[in-house]
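Please read the structure below before turning to the comments.
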Amino acid sequence: FQLAIQEPDTSLVCSDAQKRPEELRQRVIRWRNKPRDLEPCVLTIKEHEGRVNSVAWSPDTCYVASASDDNTIKICDASTGEEKCTLDGHRDPVTCLAYNHDGTILASSSWDKSLRLWDPKTGRLAEGVKQNKLVGHHAAINSVAFNQDGSLLASASGSPGCDDNTVRIWETKTGDELAALQGHTGTVFCLAFNRDGSSLATGGADCTVRLWDLETYGSTPFQQVHKGTVHAVAWHPHRSILASGSRDNSIILWDQRTGRPLQQMNDLCVRHSNGVTSLCFEPQTGHLLASGGGDNNIRFWNTDSGQPVGSVLAGHKHPVACIAFSSDGKNLVSGSDDATVRLWLPR
C-alpha cells in the first residue's frame, strides 16, 4: 500500500489505493519526490461554446471534427488545433459525426431531426450526392454511422415523450430511406456497422443491445445483462466481437454469433463511477479498448483479459462525452461537457 500510494496519481494502482479507508491512508508516509506522469494530453482545443457531443478523425488523421450543443461542427488541424472551418446549418445541438471511408463526406445528426452530408474540404453541404439533407425521423437523431464502403448510412433516434425509437438506413448517393427498423422500446442512443457491413449493432434506453441483419432487416436482442441505458457500442476491428457500455458503469464484450457475453470489464476498483458514455477499439490490433465516462476520465482495457491497463487519462473537468482513436492508433481524441476537445498520446 505504501508503494502504491506513491505511484503517479493517474496510475491504476494509486487510484485503487486512494479509495482505501481513511484510517489506512493516514498511516502512509508521503514522499516529497513522488513521481508525476508526463502530461499525456498534447493539445486542448477550445472552439465550442457548449458541450462537445461527438468527435471524429479524418481518415488521413490530419483533421479532427467535433460536434456541439452550440449547433455547430468545427474542423480543426490535429497538429496545431487551428480551426479550418465551421459547419453551420443545424438548428439544434449536433449529436454525432461520421466520416465516410475516403473522407470526402462528413455526416452529422442533430436534435433538429435531420441528417446533413458535408464536404469537409469546403465546409459546405456536399455536392456529390443527390440529397445533402436527409429527413425522416420524427424525434431527435442521436447517432449516425457509415458502413465500410460508405454506400449506406444508419441513424438512431428517440427522445422523451416521442415514439420514434427507430433506426433508419439510407442510401448515401441518392439519400433514399431504405428501411425504418423498429425493435427498441426506448430511445436509441448508439449504433455501429460491423466490419463487412452485413450487420448493425444498436443500444438504447431499454438497456438492450440489438443486432440487425441488413439483408432481412430483422433483429436479434442480445442477452439482457446491462441494468442501465446503453450509451455506446463498438466493433472489434478484426474479430466478431462487439463492446457495449452502459449507464450502469459496466462494459461488456459480446460474441456476435451467440449474442452472449464473452468478457465483462468489471473491476470494481477502477471502473467508471458515473456511467460509460463512449467506447472505441484501438484500430490496428484491437487488443486495447478505450472507454470514456461520466467521471471525467478515460480508461483502457485489455480485450483479451478484460483487465485495466495503462494510465487513466484525467484532464476534462466534466463528463467525457465521446472518444475516437486515429486510424493509426497512435492518438486518441475526446470531447467533453466542459466544451473542450483534447488530443492524447495513450500510454
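We name chains A, B, ... following the order of the C-alpha cells; residues begin at 1 in each chain, and ligands are numbered from 1 as shown.
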>> Just want the 7 Å neighbourhood of A:Asn147, counted on only C-alpha atoms, with same-chain residues fewer than 6 positions away dropped. Output as an NGL selection string.
In response: :A and (153 or 193 or 197)
Report as a tab-separated table the residues of stretch 31-91 of chain A within 7 Å of stretch 121-142 of chain A, each with its shortest atom pair and distance in Å (one decimal), using only C-alpha atoms, ordered by chain and increasing residue number.
```
residue	atom	partner	partner_atom	distance
A:Cys85	CA	A:Gly123	CA	6.0
A:Thr86	CA	A:Gly123	CA	6.6
A:Leu87	CA	A:Gly123	CA	5.6
```
> Which is closest to A:Leu345 among A:Lys330, A:Arg91, A:Lys227, A:His272, if we use only C-alpha atoms?
Replying inline: A:Lys330
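Excluding A:Ala180 and any residue on its chain fewer than 4 positions from it, the residues at most 12 Å away by only C-alpha atoms are Gly136, His137, His138, Ala154, Ser155, Ala156, Ser157, Asp164, Asn165, Thr166, Val167, Arg168, Ile169, Trp170, Asp176, His184, Trp212, Leu214, Tyr217 and Gly218 of chain A.
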With N, CA and C atoms retained, export the selected residues as a tab-separated table (two decimals), in the first residue's frame.
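Here's the written file result08.tsv:
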```tsv
chain	number	residue	atom	x	y	z
A	136	GLY	N	-36.56	12.28	-42.07
A	136	GLY	CA	-37.46	11.14	-41.99
A	136	GLY	C	-37.79	10.80	-40.55
A	137	HIS	N	-36.85	11.06	-39.66
A	137	HIS	CA	-37.10	10.82	-38.24
A	137	HIS	C	-38.10	11.84	-37.70
A	138	HIS	N	-38.84	11.42	-36.67
A	138	HIS	CA	-39.81	12.30	-36.02
A	138	HIS	C	-39.37	12.68	-34.61
A	154	ALA	N	-26.53	4.87	-41.47
A	154	ALA	CA	-27.53	4.48	-40.47
A	154	ALA	C	-27.68	5.60	-39.45
A	155	SER	N	-28.90	5.78	-38.95
A	155	SER	CA	-29.17	6.81	-37.95
A	155	SER	C	-30.08	6.25	-36.87
A	156	ALA	N	-29.89	6.74	-35.65
A	156	ALA	CA	-30.65	6.26	-34.49
A	156	ALA	C	-31.39	7.42	-33.85
A	157	SER	N	-32.63	7.16	-33.43
A	157	SER	CA	-33.49	8.26	-33.00
A	157	SER	C	-34.18	7.96	-31.67
A	164	ASP	N	-40.75	7.70	-31.76
A	164	ASP	CA	-39.88	7.34	-32.89
A	164	ASP	C	-38.55	6.78	-32.36
A	165	ASN	N	-38.61	5.58	-31.79
A	165	ASN	CA	-37.39	4.93	-31.30
A	165	ASN	C	-36.86	4.00	-32.39
A	166	THR	N	-36.56	4.58	-33.54
A	166	THR	CA	-36.22	3.79	-34.71
A	166	THR	C	-34.76	3.94	-35.11
A	167	VAL	N	-34.34	2.98	-35.94
A	167	VAL	CA	-33.06	3.05	-36.64
A	167	VAL	C	-33.41	3.09	-38.12
A	168	ARG	N	-32.83	4.03	-38.84
A	168	ARG	CA	-33.15	4.16	-40.27
A	168	ARG	C	-31.89	3.95	-41.11
A	169	ILE	N	-32.08	3.29	-42.24
A	169	ILE	CA	-30.99	3.01	-43.17
A	169	ILE	C	-31.19	3.85	-44.43
A	170	TRP	N	-30.13	4.50	-44.87
A	170	TRP	CA	-30.20	5.42	-46.02
A	170	TRP	C	-29.16	5.03	-47.06
A	176	ASP	N	-32.02	8.19	-50.40
A	176	ASP	CA	-33.27	7.45	-50.21
A	176	ASP	C	-33.25	6.69	-48.89
A	184	HIS	N	-36.41	-1.50	-30.55
A	184	HIS	CA	-36.13	-0.91	-29.24
A	184	HIS	C	-37.42	-0.31	-28.67
A	212	TRP	N	-28.87	-6.17	-35.95
A	212	TRP	CA	-29.78	-6.14	-37.09
A	212	TRP	C	-29.11	-6.76	-38.31
A	214	LEU	N	-28.82	-6.77	-42.11
A	214	LEU	CA	-29.12	-5.74	-43.09
A	214	LEU	C	-29.59	-6.30	-44.43
A	217	TYR	N	-33.39	-7.17	-42.48
A	217	TYR	CA	-33.79	-6.10	-41.56
A	217	TYR	C	-34.43	-6.64	-40.28
A	218	GLY	N	-34.20	-7.92	-40.00
A	218	GLY	CA	-34.64	-8.49	-38.75
A	218	GLY	C	-33.61	-8.23	-37.67
```
>> If we count only C-alpha atoms and set the cut-off at 8 Å, which residues sit around A:Ser68, ignoring sequence neighbours fewer than 6 positions away in its own chain? Please answer as an MDAnalysis selection string.
In response: chainID A and resid 48:54 93:95 339
>> What's around A:Asp88 at 8 Å? Count only C-alpha atoms, leave out sequence neighbours fewer than 6 positions away in its own chain, and write the answer as a ChimeraX atom specification.
In response: /A:71-73
Kindly save the residues from that selection, with all heavy atoms included, as a PDB file, in the first residue's frame.
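As written to disk, again_32.pdb reads:
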```pdb
ATOM      1  N   ASN A  71     -24.756  23.967 -31.690  1.00  0.00           N
ATOM      2  CA  ASN A  71     -25.357  23.779 -33.020  1.00  0.00           C
ATOM      3  C   ASN A  71     -24.342  23.789 -34.158  1.00  0.00           C
ATOM      4  O   ASN A  71     -24.739  23.810 -35.331  1.00  0.00           O
ATOM      5  CB  ASN A  71     -26.433  24.835 -33.321  1.00  0.00           C
ATOM      6  CG  ASN A  71     -27.535  24.885 -32.287  1.00  0.00           C
ATOM      7  OD1 ASN A  71     -27.578  24.070 -31.369  1.00  0.00           O
ATOM      8  ND2 ASN A  71     -28.435  25.848 -32.426  1.00  0.00           N
ATOM      9  N   THR A  72     -23.054  23.775 -33.853  1.00  0.00           N
ATOM     10  CA  THR A  72     -22.046  23.849 -34.899  1.00  0.00           C
ATOM     11  C   THR A  72     -21.159  22.614 -34.936  1.00  0.00           C
ATOM     12  O   THR A  72     -21.104  21.825 -33.988  1.00  0.00           O
ATOM     13  CB  THR A  72     -21.123  25.071 -34.730  1.00  0.00           C
ATOM     14  OG1 THR A  72     -20.287  24.881 -33.571  1.00  0.00           O
ATOM     15  CG2 THR A  72     -21.914  26.356 -34.594  1.00  0.00           C
ATOM     16  N   ILE A  73     -20.445  22.494 -36.065  1.00  0.00           N
ATOM     17  CA  ILE A  73     -19.399  21.497 -36.258  1.00  0.00           C
ATOM     18  C   ILE A  73     -18.114  22.257 -36.557  1.00  0.00           C
ATOM     19  O   ILE A  73     -18.103  23.168 -37.382  1.00  0.00           O
ATOM     20  CB  ILE A  73     -19.730  20.568 -37.437  1.00  0.00           C
ATOM     21  CG1 ILE A  73     -21.062  19.847 -37.190  1.00  0.00           C
ATOM     22  CG2 ILE A  73     -18.608  19.565 -37.684  1.00  0.00           C
ATOM     23  CD1 ILE A  73     -21.702  19.306 -38.456  1.00  0.00           C
TER      24      ILE A  73
END
```
>> as a ChimeraX atom specification, please: every residue in stretch 215-347 of chain A that DSSP puts in strand (DSSP E or B).
In response: /A:219-221,230-235,241-246,251-255,260-265,276-281,288-293,297-302,308-314,320-325,332-336,341-344
>> So that I can see what lies close to A:Val309, please list as JSON, numbers by chain the residues with an atom at most 8 Å from it, counting only C-alpha atoms and leaving out residues fewer than 6 positions away in the same chain.
In response: {"A": [12, 299, 300, 301, 302]}
Next, write the just-selected residues to a file, as a tab-separated table (two decimals), in the first residue's frame, keeping C-alpha atoms as the atom set.
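Wrote selection_29.tsv, looks like this:
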```tsv
chain	number	residue	atom	x	y	z
A	12	LEU	CA	-4.36	2.46	-11.68
A	299	ARG	CA	-9.69	4.33	-19.18
A	300	PHE	CA	-8.08	1.49	-21.12
A	301	TRP	CA	-8.78	-2.23	-21.08
A	302	ASN	CA	-7.02	-5.32	-22.40
```
> Any idea what the distance is between atom CA of A:Pro237 and atom CA of A:Phe281?
Replying inline: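 Interatomic distance, atom CA of A:Pro237 to atom CA of A:Phe281: 7.2 Å.
Counting only C-alpha atoms and comparing A:Ser244, A:Ser291, A:Thr185, A:Gln307, the residue that lies closest to A:Cys322 is A:Ser291.
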